[in-house]
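The next block holds one structure in the form of structure tokens; read it before the comments.
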Amino acid sequence: MRKEYLKLDKVEGPLIVLSGVNNVSYGEMVSIRIDDEEIRKGKVIKIEGNQAIVQVFEGTAGISTSNSAVAFTGELMSIPLSKEILGRTFNGTGEPIDGSYQIISSVRENINGRPINPVARKYPRNFIQTGISPIDALMTLIRGQKLPIFSGNGIAHDELAAQIVRQAKIKDADSDNFAVVFGAMGIRHDSADYFMKSFQVSGVLDHVVMYVNTADDPIVERISTPRCALTAAEYLAFQNDMHVLVILTDMTSYAEALREISSAKEEVPSRKGYPGYLYSDLSTLYERAGMLKGKEGSITLIPILTMPNDDITHPIPDLTGFITEGQIVLNRELSQKGIYPPIELLPSLSRLMKDGIGADYTREDHADLAAQIYAAYSRVQDVRSLSQIIGEEDISDVDKRYLKFGRELENRFISQEDHENRSMIETLDLGWKLLSILPVDELDRVKLEYLQKYYRNEGE
Amino acid sequence: MNGNEGYVREINGPVIKGVNMGSFKLNEMVTVGSHKLIGEIVSIEGDIATVQVYEETEGLRAGEKILGTGNPLSVTLGPGMLGNIFDGIQRPLQRINSISEYFIPEGIGLLSLDDEKKWEVHLVVKSGDRVQAGDVYATVQETLSITHKLMVPYRMSGVVVEANYDGLYSLNESIVVLERENKEQICLTLSSKWPVRRPRPVKKRISIYKPLITGQRVIDSFYPIAKGGTVGLPGGFGTGKTMTQHQLAKWCDADIIIYIGCGERGNEMTNVLEEFPALIDPRTQRPLMERTILIANTSNMPVAAREACIYTGVTMAEYYRDMGYDVAIMADSTSRWAEALREISGRLEEMPAEEGFPAYLPSRLAEFYERAGCVETLGGEEASVTIIGAVSPPGGDFSEPVTENTKRFVTTFLALDKKLAYGRHYPAINYLTSYSGYIHILEDWYNENVSSDMMKLRAKMMRLLQEEDKLNEIVQLVGEDILPNDQALVLETARMIKKGFLQQNALHKEDTFVVLKKQYMMLKVIDVFYENALLCVKMGIPVSTIRKQDILQDILKMKYDVPNDQLDLLNRLMERITETYQSIRQKYE
Ligand SMILES: Nc1ncnc2c1ncn2[C@@H]1O[C@H](COP(=O)(O)OP(=O)(O)OP(=O)(O)O)[C@@H](O)[C@H]1O
Ligand SMILES: [Mg+2]
């Protein structure tokens with residue numbers, strides 16, 4: 001029997017403080033028995049002499065300084081892992097919540113993981129065809145990449161993520177070595193249900209592991225949810241050679257939870273009250289994506305976040321963008337125009353795309369085509385603001401063709417049905433068809449030979 | 001070990017406090033706990049010392065031992081650094097990977113250079129020679145392009161009483177014995193140690209006078225960097241800091257490159273590791289990796305080591321500088337280093353200044369950039385360290401402490417612009433708000449080595465760009481069509497400068513690196529176009545006619561079509577431009 005401590009110094013926010021403890025280790029798991037009825041988990045987050053500060057996962061409601069018995073487990077936080085996690089649903093600390101059995105395994109991994117040694121990484125190069133034109137052509141997703149979706153409340157990011165999961169085709173992955181790990185932090189029940197159903201409909205459910213923390217679940221568990229999910233992903237990818245697609249949503253709730261705990265710890269806040277270590281903290285999640293030399297598997301990570309006030313400079317999207325390898329930005333205005341997926345092209349970017357497209361991977365003209373569409377669409381923005389001032393009739397003929405190009409691009413290229421699954425070649429051909437709206441000498445980002453091969457004169 | 005022993009009392013992430021530590025020294029390196037985590041003493045108060053720990057502290061207990069090493073945080077300097085990749089405290093990542101595959105564990109101890117490898121040593125001193133600090137006593141061909149010079153350590157001088165034969169030696173073998181004034185005998189080996197936080201001494205600083213040629217047009221021709229200079233490279237996410245730093249690391253004409261990945265992505269380091277060995281240095285014809293040292297403290301690695309990695313890098317740079325080399329450091333990103341300072345400062349419960357950064361942020365930044373410079377080394381050679389620091393301002397807004405303070409201490413400021421990046425104008429270096437304080441200093445060099453009108457041409461192009469910027473304000477209100485012809489020509493020419501000259505595709509074989517002569521001639525081509533077109537405009541020929549000529553496409557594509565070694569093609573292009581517009585003018589007469 002472990003020693004139990006019966007008296008607390010303090011209960012405050014998500015934290016409890018107790019004294020007279022010995023031989024406690026930093027990060028150790030703690031079990032808290034309340035009124036002999038309920039057991040909660042906690043973790044040591046600071047040691048000061050013989051005093052320990054413990055963060056309680058399920059929250060501190062109902063804990064007094066004298067109604068609990070605290071025992072230190074001597075263990076760091078870890079979860080049991082086996083391939084039987086596939087098809088299962090867990091809470092944010094890795095306990096099953098689907099009414100089925102506990103996972104029993106000799107493999108237990110620390111949920112914090114360890115940094116991947118940069119020399120052991122394999123640079124990701126193979127693209128994943130999502131069947132969604134703007135993504136495949138202009139911000140190509142690469143296997144092993146971390147590519148977030150920046151969205152806003154009420155915008156169709158869940159639908160987009162679900163469509164990606166449904167359609168994501170990795171060149172040489174078959175259904176046996178493909179898995180989806182889904183981590184939900186502070187999301188609504190209906191959103192969780194939506195994903196569950198969508199996985200069911202597309203028949204991938206028994207390849208999916210879910211770690212779910214809904215909006216009414218304890219806030220502290222939001223911190224461990226993505227870590228459990230990524231630990232499971234590492235296990236599947238690097239110990240079982242699987243290609244794993246990880247969806248983490250909503251990173252905004254995660255960061256808010258971090259802020260709440262930080263303020264309870266009375267730490268010096270940085271921008272908008274978020275702790276100064278938000279960048280480092282997020283990176284210990286996002287950097288777990290990738291591929292390893294000599295390993296078959298991969299972790300592709302798509303975090304979803306809702307930008308507060310649709311502001312891309314808010315610390316959460318901002319710091320995420322500084323860590324991830326690009327971003328897919330959704331736009332409210334496009335969404336209101338009925339365009340799905342409402343992807344705003346100009347701020348969207350895939351940084352790994354440059355090494356994963358072209359003749360060896362997709363098609364030789366891909367890079368030029370993408371650069372040209374971006375450049376032309378950026379010009380469309382200028383023409384639009386000009387035509388708002390002087391009227392569409394008075395702008396030059398070339399500018400009129402830009403306006404047409406912009407409209408068509410939004411309606412035919414960006415926009416597609418949520419079950420529509422376009423092949424890479426279809427997407428690239430469609431891109432050329434639209435570029436052909438513009439006069440040929442406007443296309444200065446494209447090699448001559450590709451122009452000759454793919455540019456079609458208007459009317460043809 | 002000096003036998004000092006303290007005990008862990010408090011643990012707060014990477015910051016711990018120990019008791020019984022009155023006899024430890026500030027900045028002393030220590031090992032903490034049963035895993036022997038590596039740490040450094042950052043403050044001492046009576047019996048209690050604060051230690052920043054360079055490894056994960058999870059699992060550490062109060063009461064575990066803290067052992068002193070007696071030495072400050074140092075790097076080992078000697079052959080074996082080039083082509084290698086280290087963590088923030090100079091531990092070789094390849095070796096760590098062979099100890100523990102894929103993931104970096106804690107408690108692997110202090111590793112540094114390979115001390116078993118034998119190097120072919122050539123002695124350059126003999127018994128009886130009198131030597132002093134900075135003198136070379138032996139050389140090692142570290143890579144085919146770089147000769148590593150072993151130098152008598154600082155504050156050391158005396159007479160060589162024993163010099164070994166040329167041959168194979170490992171890092172710690174004695175090759176020379178020196179007798180000092182006081183008869184003390186000192187063994188000199190292939191390596192030495194230096195505390196990272198102390199700048200290495202030089203004979204004197206000398207003035208800057210030559211550029212660091214980067215092969216990047218917007219830099220070399222518009223906002224040059226000097227050898228021994230300092231550069232700030234700020235930009236929001238995705239604007240191209242890392243791409244630019246990689247381009248500089250690949251193509252700039254320094255002898256040695258130190259690339260510090262400070263709190264950034266793992267894949268970016270992997271990319272360098274995969275790419276550089278395959279790329280050939282245009283000047284030495286050797287793989288680029290042979291002149292490169294990588295330091296990787298990625299964002300998910302312990303934050304205290306991120307604070308240290310900048311110093312590790314700059315110390316290595318100074319060491320190669322002392323051999324007489326021009327060294328360039330790329331630090332990506334200094335903001336992550338500043339944030340590491342902030343995080344540790346917060347845990348030390350220091351009083352925060354602006355945005356939570358400690359009050360000493362400006363002085364730390366200044367100290368770092370001050371380690372750049374053109375110098376005469378102790379050995380009497382001319383050499384330099386150039387520092388190029390990326391800055392990652394939150395929200396891309398430059399009015400924040402790290403950007404603002406960096407601006408105070410750097411001389412070239414290359415401002416990356418979100419709007420340009422969104423329009424895929426790469427490199428997205430803003431051609432109006434960037435600046436280089438070296439333009440006047442380097443003017444003579446450019447006039448002598450490129451062409452006597454290079455700087456004049458630059459100024460002329462700058463004026464056109466500035467004029468275009470002003471005209472754009474009007475165009476946005478009324479459209480382009482009603483501008484008078486001469487102004488429309490300014491727009492057309494500015495567009496040509498932007499698309500044909502400033503935009504440079506890092507991924508294109510010909511365009512990725514451009515020799516200065518070609519840069520100059522490209523400007524000349526644009527100038528020939530402008531002057532010819534201006535004559536047309538003066539005759540009343542509309543800009544639409546000027547624009548309609550096929551030759552414009554050739555001008556825009558000259559960056560791709562003209563290889564660095566066939567510049568004569570540009571002379572012919574200029575002739576064709578002149579002919580084209582002459583014949584138009586003739587038709588109008
Ligand atoms: N000179 C260039 N040529 C071609 N593409 C470029 C160039 N500069 C930037 N890019 C494009 O922009 C992308 C982002 O660039 P980069 O990764 O250098 O940004 P960054 O400023 O370092 O961002 P972060 O702060 O998030 O690290 C690249 O992946 C590439 O697609
Ligand atoms: Mg970068």
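Order determines the names: the first chain of the structure tokens is A, the second B, and so forth; residues in each chain are numbered 1 upward, and ligands are numbered 1 upward as they are shown.
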
Residues of chain B within 6 Å of chain A, counting only C-alpha atoms, what are they? List them as a list in words. Arg9, Glu10, Ile11, Asn12, Glu58, Gly59, Leu60, Arg61, Tyr102, Phe103, Ile104, Phe237, Gly266, Thr270, Ser299, Asn300, Met301, Glu355, Gly356, Gly395, Tyr422, Gly423 and Gln476 of chain B

Preceding selection exported with N, CA, C and O atoms as a PDB file, in the first residue's frame:
ATOM      1  N   ARG B   9      16.090  20.892  -4.947  1.00  0.00           N
ATOM      2  CA  ARG B   9      15.063  21.271  -3.992  1.00  0.00           C
ATOM      3  C   ARG B   9      13.751  21.613  -4.690  1.00  0.00           C
ATOM      4  O   ARG B   9      12.671  21.232  -4.262  1.00  0.00           O
ATOM      5  N   GLU B  10      13.871  22.348  -5.792  1.00  0.00           N
ATOM      6  CA  GLU B  10      12.663  22.754  -6.505  1.00  0.00           C
ATOM      7  C   GLU B  10      12.764  22.356  -7.955  1.00  0.00           C
ATOM      8  O   GLU B  10      13.833  22.453  -8.555  1.00  0.00           O
ATOM      9  N   ILE B  11      11.636  21.948  -8.555  1.00  0.00           N
ATOM     10  CA  ILE B  11      11.638  21.624  -9.986  1.00  0.00           C
ATOM     11  C   ILE B  11      10.469  22.341 -10.630  1.00  0.00           C
ATOM     12  O   ILE B  11       9.327  22.194 -10.207  1.00  0.00           O
ATOM     13  N   ASN B  12      10.768  23.137 -11.638  1.00  0.00           N
ATOM     14  CA  ASN B  12       9.731  23.862 -12.365  1.00  0.00           C
ATOM     15  C   ASN B  12      10.105  23.804 -13.833  1.00  0.00           C
ATOM     16  O   ASN B  12      10.778  24.690 -14.345  1.00  0.00           O
ATOM     17  N   GLU B  58      11.305  15.699 -16.660  1.00  0.00           N
ATOM     18  CA  GLU B  58      10.265  14.808 -16.177  1.00  0.00           C
ATOM     19  C   GLU B  58      10.906  13.605 -15.487  1.00  0.00           C
ATOM     20  O   GLU B  58      11.852  13.025 -16.012  1.00  0.00           O
ATOM     21  N   GLY B  59      10.395  13.228 -14.340  1.00  0.00           N
ATOM     22  CA  GLY B  59      10.951  12.071 -13.638  1.00  0.00           C
ATOM     23  C   GLY B  59      12.007  12.422 -12.600  1.00  0.00           C
ATOM     24  O   GLY B  59      12.379  11.598 -11.778  1.00  0.00           O
ATOM     25  N   LEU B  60      12.477  13.664 -12.639  1.00  0.00           N
ATOM     26  CA  LEU B  60      13.477  14.100 -11.653  1.00  0.00           C
ATOM     27  C   LEU B  60      12.808  14.273 -10.280  1.00  0.00           C
ATOM     28  O   LEU B  60      11.656  14.668 -10.203  1.00  0.00           O
ATOM     29  N   ARG B  61      13.565  13.958  -9.203  1.00  0.00           N
ATOM     30  CA  ARG B  61      12.986  14.072  -7.863  1.00  0.00           C
ATOM     31  C   ARG B  61      13.721  15.091  -7.012  1.00  0.00           C
ATOM     32  O   ARG B  61      14.921  15.290  -7.199  1.00  0.00           O
ATOM     33  N   TYR B 102      16.109   7.099 -33.424  1.00  0.00           N
ATOM     34  CA  TYR B 102      14.914   7.876 -33.765  1.00  0.00           C
ATOM     35  C   TYR B 102      14.550   8.995 -32.795  1.00  0.00           C
ATOM     36  O   TYR B 102      14.312  10.121 -33.196  1.00  0.00           O
ATOM     37  N   PHE B 103      14.461   8.685 -31.492  1.00  0.00           N
ATOM     38  CA  PHE B 103      14.000   9.706 -30.556  1.00  0.00           C
ATOM     39  C   PHE B 103      15.129  10.074 -29.603  1.00  0.00           C
ATOM     40  O   PHE B 103      15.935   9.218 -29.247  1.00  0.00           O
ATOM     41  N   ILE B 104      15.174  11.349 -29.214  1.00  0.00           N
ATOM     42  CA  ILE B 104      16.286  11.794 -28.379  1.00  0.00           C
ATOM     43  C   ILE B 104      15.957  11.561 -26.905  1.00  0.00           C
ATOM     44  O   ILE B 104      14.997  12.114 -26.378  1.00  0.00           O
ATOM     45  N   PHE B 237       4.775  34.260 -40.659  1.00  0.00           N
ATOM     46  CA  PHE B 237       4.978  32.865 -41.061  1.00  0.00           C
ATOM     47  C   PHE B 237       4.729  32.692 -42.555  1.00  0.00           C
ATOM     48  O   PHE B 237       3.882  33.332 -43.129  1.00  0.00           O
ATOM     49  N   GLY B 266      11.904  20.300 -37.525  1.00  0.00           N
ATOM     50  CA  GLY B 266      12.825  19.186 -37.749  1.00  0.00           C
ATOM     51  C   GLY B 266      13.028  18.918 -39.227  1.00  0.00           C
ATOM     52  O   GLY B 266      14.148  18.704 -39.695  1.00  0.00           O
ATOM     53  N   THR B 270      16.337  18.245 -41.768  1.00  0.00           N
ATOM     54  CA  THR B 270      16.438  17.038 -42.584  1.00  0.00           C
ATOM     55  C   THR B 270      16.633  17.406 -44.048  1.00  0.00           C
ATOM     56  O   THR B 270      17.428  16.803 -44.760  1.00  0.00           O
ATOM     57  N   SER B 299      12.055  23.050 -32.451  1.00  0.00           N
ATOM     58  CA  SER B 299      11.095  23.643 -31.524  1.00  0.00           C
ATOM     59  C   SER B 299      10.664  22.700 -30.426  1.00  0.00           C
ATOM     60  O   SER B 299      10.292  23.132 -29.344  1.00  0.00           O
ATOM     61  N   ASN B 300      10.685  21.397 -30.704  1.00  0.00           N
ATOM     62  CA  ASN B 300      10.205  20.455 -29.693  1.00  0.00           C
ATOM     63  C   ASN B 300      11.327  19.934 -28.795  1.00  0.00           C
ATOM     64  O   ASN B 300      11.109  19.122 -27.931  1.00  0.00           O
ATOM     65  N   MET B 301      12.550  20.411 -29.033  1.00  0.00           N
ATOM     66  CA  MET B 301      13.652  20.008 -28.167  1.00  0.00           C
ATOM     67  C   MET B 301      13.705  20.951 -26.961  1.00  0.00           C
ATOM     68  O   MET B 301      13.134  22.032 -26.995  1.00  0.00           O
ATOM     69  N   GLU B 355       6.127  42.926 -23.230  1.00  0.00           N
ATOM     70  CA  GLU B 355       5.532  41.658 -23.665  1.00  0.00           C
ATOM     71  C   GLU B 355       6.104  40.440 -22.953  1.00  0.00           C
ATOM     72  O   GLU B 355       6.249  39.374 -23.547  1.00  0.00           O
ATOM     73  N   GLY B 356       6.436  40.624 -21.695  1.00  0.00           N
ATOM     74  CA  GLY B 356       6.918  39.491 -20.915  1.00  0.00           C
ATOM     75  C   GLY B 356       8.387  39.167 -21.132  1.00  0.00           C
ATOM     76  O   GLY B 356       8.940  38.325 -20.440  1.00  0.00           O
ATOM     77  N   GLY B 395       2.172  37.745 -35.565  1.00  0.00           N
ATOM     78  CA  GLY B 395       1.212  38.387 -36.441  1.00  0.00           C
ATOM     79  C   GLY B 395       1.863  39.137 -37.586  1.00  0.00           C
ATOM     80  O   GLY B 395       1.206  39.910 -38.278  1.00  0.00           O
ATOM     81  N   TYR B 422       1.903  36.499 -50.516  1.00  0.00           N
ATOM     82  CA  TYR B 422       0.585  36.037 -50.949  1.00  0.00           C
ATOM     83  C   TYR B 422       0.479  36.051 -52.472  1.00  0.00           C
ATOM     84  O   TYR B 422      -0.160  35.203 -53.070  1.00  0.00           O
ATOM     85  N   GLY B 423       1.096  37.052 -53.100  1.00  0.00           N
ATOM     86  CA  GLY B 423       1.065  37.123 -54.560  1.00  0.00           C
ATOM     87  C   GLY B 423       2.160  36.288 -55.187  1.00  0.00           C
ATOM     88  O   GLY B 423       2.384  36.365 -56.386  1.00  0.00           O
ATOM     89  N   GLN B 476      -5.040  53.003 -58.288  1.00  0.00           N
ATOM     90  CA  GLN B 476      -6.073  52.313 -57.534  1.00  0.00           C
ATOM     91  C   GLN B 476      -7.378  53.095 -57.492  1.00  0.00           C
ATOM     92  O   GLN B 476      -8.423  52.542 -57.214  1.00  0.00           O
TER      93      GLN B 476
END

Check the DSSP output for the backbone and give back, as a PyMOL selection string, the residues of stretch 312-428 of chain A in helix (DSSP H, G or I). chain A and resi 315-323+332-336+353-355+366-390+392-394+397-414+424-428

Mind checking which residues fall within 7 Å of stretch 171-177 of chain B, counting only C-alpha atoms, ignoring those fewer than 2 positions away in the same chain, and posting them as a list in words? Asp115, Val160, Val161, Glu162, Ala163, Asn164, Tyr169, Glu179, Gln185, Ile186, Cys187, Leu188, Thr189, Leu190 and Ser191 of chain B

How would you write, as an NGL selection string, the set of residues no farther than 6 Å from ligand 1 when counting only C-alpha atoms and all ligand atoms? (:A and (321-323 or 351)) or (:B and (235-243 or 392 or 426-427 or 505-507))

Quick one: everything within 10 Å of A:Glu159, counting only C-alpha atoms, minus sequence neighbours fewer than 4 positions away in the same chain. Send it as a PyMOL selection string. chain A and resi 155+163-165+191+194-195+198+340-341+418

Output of the above residues as a PDB file, in the first residue's frame, restricted to N, CA and C atoms:
ATOM      1  N   ILE A 155     -18.002  27.772 -39.961  1.00  0.00           N
ATOM      2  CA  ILE A 155     -17.513  27.493 -41.310  1.00  0.00           C
ATOM      3  C   ILE A 155     -17.276  25.988 -41.433  1.00  0.00           C
ATOM      4  N   GLN A 163     -14.214  15.062 -45.429  1.00  0.00           N
ATOM      5  CA  GLN A 163     -14.042  14.734 -46.843  1.00  0.00           C
ATOM      6  C   GLN A 163     -12.599  14.302 -47.126  1.00  0.00           C
ATOM      7  N   ILE A 164     -11.657  14.986 -46.483  1.00  0.00           N
ATOM      8  CA  ILE A 164     -10.253  14.596 -46.675  1.00  0.00           C
ATOM      9  C   ILE A 164     -10.043  13.162 -46.188  1.00  0.00           C
ATOM     10  N   VAL A 165     -10.571  12.863 -44.997  1.00  0.00           N
ATOM     11  CA  VAL A 165     -10.410  11.509 -44.463  1.00  0.00           C
ATOM     12  C   VAL A 165     -11.006  10.481 -45.425  1.00  0.00           C
ATOM     13  N   SER A 191     -20.701  17.759 -33.076  1.00  0.00           N
ATOM     14  CA  SER A 191     -19.544  17.725 -33.941  1.00  0.00           C
ATOM     15  C   SER A 191     -18.846  16.368 -33.826  1.00  0.00           C
ATOM     16  N   TYR A 194     -20.927  13.936 -35.662  1.00  0.00           N
ATOM     17  CA  TYR A 194     -20.787  14.111 -37.101  1.00  0.00           C
ATOM     18  C   TYR A 194     -19.597  13.316 -37.631  1.00  0.00           C
ATOM     19  N   PHE A 195     -18.467  13.439 -36.938  1.00  0.00           N
ATOM     20  CA  PHE A 195     -17.277  12.714 -37.389  1.00  0.00           C
ATOM     21  C   PHE A 195     -17.493  11.205 -37.311  1.00  0.00           C
ATOM     22  N   SER A 198     -19.636  10.100 -40.089  1.00  0.00           N
ATOM     23  CA  SER A 198     -18.961  10.185 -41.367  1.00  0.00           C
ATOM     24  C   SER A 198     -17.930   9.062 -41.528  1.00  0.00           C
ATOM     25  N   TYR A 340     -18.194  25.919 -51.363  1.00  0.00           N
ATOM     26  CA  TYR A 340     -17.622  24.866 -50.523  1.00  0.00           C
ATOM     27  C   TYR A 340     -16.601  24.119 -51.338  1.00  0.00           C
ATOM     28  N   PRO A 341     -15.446  23.818 -50.805  1.00  0.00           N
ATOM     29  CA  PRO A 341     -14.882  24.310 -49.538  1.00  0.00           C
ATOM     30  C   PRO A 341     -14.438  25.761 -49.675  1.00  0.00           C
ATOM     31  N   ASP A 418     -19.375  18.016 -51.788  1.00  0.00           N
ATOM     32  CA  ASP A 418     -18.634  17.391 -50.699  1.00  0.00           C
ATOM     33  C   ASP A 418     -18.437  15.885 -50.903  1.00  0.00           C
TER      34      ASP A 418
END

What are the DSSP strand (DSSP E) residues of stretch 379-446 of chain B, as an NGL selection string? :B and (382-391 or 412-413 or 435-436)

Could you write those residues out with N, CA, C and O atoms, as a compact mmCIF listing (two decimals), in the first residue's frame?
# COMPACT_ATOMS: atom_id res chain seq x y z
N GLU B 382 43.29 38.43 -42.00
CA GLU B 382 42.03 39.14 -42.13
C GLU B 382 40.91 38.11 -42.26
O GLU B 382 41.03 37.16 -43.04
N ALA B 383 39.85 38.27 -41.50
CA ALA B 383 38.77 37.28 -41.51
C ALA B 383 37.50 37.94 -41.02
O ALA B 383 37.52 39.08 -40.55
N SER B 384 36.39 37.23 -41.15
CA SER B 384 35.13 37.86 -40.75
C SER B 384 34.09 36.85 -40.29
O SER B 384 34.14 35.68 -40.64
N VAL B 385 33.17 37.36 -39.48
CA VAL B 385 31.95 36.62 -39.15
C VAL B 385 30.78 37.50 -39.55
O VAL B 385 30.70 38.66 -39.13
N THR B 386 29.91 36.96 -40.38
CA THR B 386 28.69 37.68 -40.78
C THR B 386 27.52 36.99 -40.09
O THR B 386 27.46 35.77 -40.08
N ILE B 387 26.62 37.77 -39.51
CA ILE B 387 25.46 37.15 -38.85
C ILE B 387 24.17 37.56 -39.55
O ILE B 387 23.91 38.75 -39.73
N ILE B 388 23.40 36.57 -39.94
CA ILE B 388 22.12 36.81 -40.57
C ILE B 388 21.05 36.18 -39.70
O ILE B 388 20.96 34.95 -39.61
N GLY B 389 20.28 36.99 -39.02
CA GLY B 389 19.30 36.47 -38.07
C GLY B 389 17.88 36.62 -38.60
O GLY B 389 17.46 37.72 -38.94
N ALA B 390 17.16 35.50 -38.68
CA ALA B 390 15.74 35.59 -39.02
C ALA B 390 14.98 36.03 -37.77
O ALA B 390 15.38 35.71 -36.65
N VAL B 391 13.91 36.80 -37.97
CA VAL B 391 13.07 37.24 -36.86
C VAL B 391 11.63 36.86 -37.21
O VAL B 391 11.20 37.06 -38.34
N THR B 412 21.92 45.62 -42.23
CA THR B 412 21.04 45.34 -43.37
C THR B 412 19.73 44.79 -42.82
O THR B 412 19.74 43.91 -41.96
N PHE B 413 18.65 45.34 -43.32
CA PHE B 413 17.33 44.94 -42.82
C PHE B 413 16.51 44.49 -44.03
O PHE B 413 16.19 45.30 -44.90
N TYR B 435 16.41 48.00 -46.11
CA TYR B 435 17.53 48.92 -46.29
C TYR B 435 18.85 48.22 -46.02
O TYR B 435 18.90 47.16 -45.40
N SER B 436 19.92 48.81 -46.55
CA SER B 436 21.24 48.31 -46.24
C SER B 436 22.14 49.49 -45.95
O SER B 436 22.32 50.37 -46.79

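Every protein or nucleic acid residue with an atom no more than 9 Å from A:Ile135, counting only C-alpha atoms and leaving out same-chain residues fewer than 6 positions away, appears here: Gln129, Leu141, Ile328, Ile343, Ser350 and Ile414 of chain A.
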
For those residues, write all heavy atoms to a file as a compact mmCIF listing (two decimals), in the first residue's frame.
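To be explicit, this is the file written out as part_33.txt:
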# COMPACT_ATOMS: atom_id res chain seq x y z
N GLN A 129 -3.51 12.36 -52.53
CA GLN A 129 -4.57 12.96 -53.34
C GLN A 129 -5.83 13.04 -52.50
O GLN A 129 -6.34 12.04 -52.02
CB GLN A 129 -4.81 12.10 -54.57
CG GLN A 129 -5.91 12.66 -55.45
CD GLN A 129 -6.09 11.81 -56.70
OE1 GLN A 129 -5.14 11.51 -57.41
NE2 GLN A 129 -7.32 11.41 -56.95
N LEU A 141 -1.15 18.25 -50.21
CA LEU A 141 -0.87 17.58 -48.94
C LEU A 141 0.15 16.47 -49.18
O LEU A 141 0.02 15.69 -50.12
CB LEU A 141 -2.18 17.01 -48.38
CG LEU A 141 -2.11 16.23 -47.07
CD1 LEU A 141 -1.64 17.11 -45.92
CD2 LEU A 141 -3.50 15.65 -46.75
N ILE A 328 -4.19 25.67 -44.53
CA ILE A 328 -5.33 25.81 -45.43
C ILE A 328 -6.27 26.79 -44.73
O ILE A 328 -6.74 26.52 -43.63
CB ILE A 328 -6.04 24.46 -45.64
CG1 ILE A 328 -5.09 23.47 -46.30
CG2 ILE A 328 -7.31 24.63 -46.46
CD1 ILE A 328 -5.63 22.05 -46.36
N ILE A 343 -12.11 27.81 -49.40
CA ILE A 343 -10.67 27.98 -49.19
C ILE A 343 -10.19 29.30 -49.77
O ILE A 343 -10.41 29.58 -50.94
CB ILE A 343 -9.90 26.81 -49.82
CG1 ILE A 343 -10.30 25.51 -49.13
CG2 ILE A 343 -8.40 27.04 -49.73
CD1 ILE A 343 -9.64 24.28 -49.71
N SER A 350 1.19 25.16 -48.96
CA SER A 350 1.79 23.91 -48.49
C SER A 350 3.28 23.99 -48.75
O SER A 350 3.72 24.09 -49.89
CB SER A 350 1.21 22.70 -49.23
OG SER A 350 2.08 21.59 -49.08
N ILE A 414 -12.33 26.09 -57.08
CA ILE A 414 -12.32 26.00 -55.61
C ILE A 414 -13.54 25.22 -55.15
O ILE A 414 -13.46 24.34 -54.31
CB ILE A 414 -12.33 27.41 -54.98
CG1 ILE A 414 -11.10 28.18 -55.44
CG2 ILE A 414 -12.40 27.32 -53.47
CD1 ILE A 414 -10.99 29.58 -54.88

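Put simply, atom CA of B:Gly261 is 27.8 Å away from atom CA of A:Ile128.
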
Using only C-alpha atoms, which residues sit within 10 Å of A:Val204 once same-chain residues fewer than 3 positions away are excluded, as a PyMOL selection string? chain A and resi 87+165-166+175+178-180+196+198-201+207-208

Neighbour list for B:Glu350 as number ranges by chain, cut-off 12 Å, only C-alpha atoms, skip fewer than 6 positions in-chain: A: 267-268; B: 43, 341-344, 356-360

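Taking only C-alpha atoms into account, B:Ile555 lies nearest to B:Thr493 out of the set B:Gln487, B:Thr57, B:Ser583, B:Thr493.
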
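The closest residue to A:Leu258, picked from A:Val107, A:Leu443, A:Ile316, A:Ala156 and counting only C-alpha atoms, is A:Ile316.
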
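Minimum atom-to-atom distances from B:Glu404, B:Glu575, B:Asp332, B:Glu339 to ligand 2 were compared using only C-alpha atoms and all ligand atoms, and the lowest value belongs to B:Asp332.
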
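Taking atom CA of A:Asp193 and atom CA of A:Thr300 as endpoints, the distance between them is 22.8 Å.
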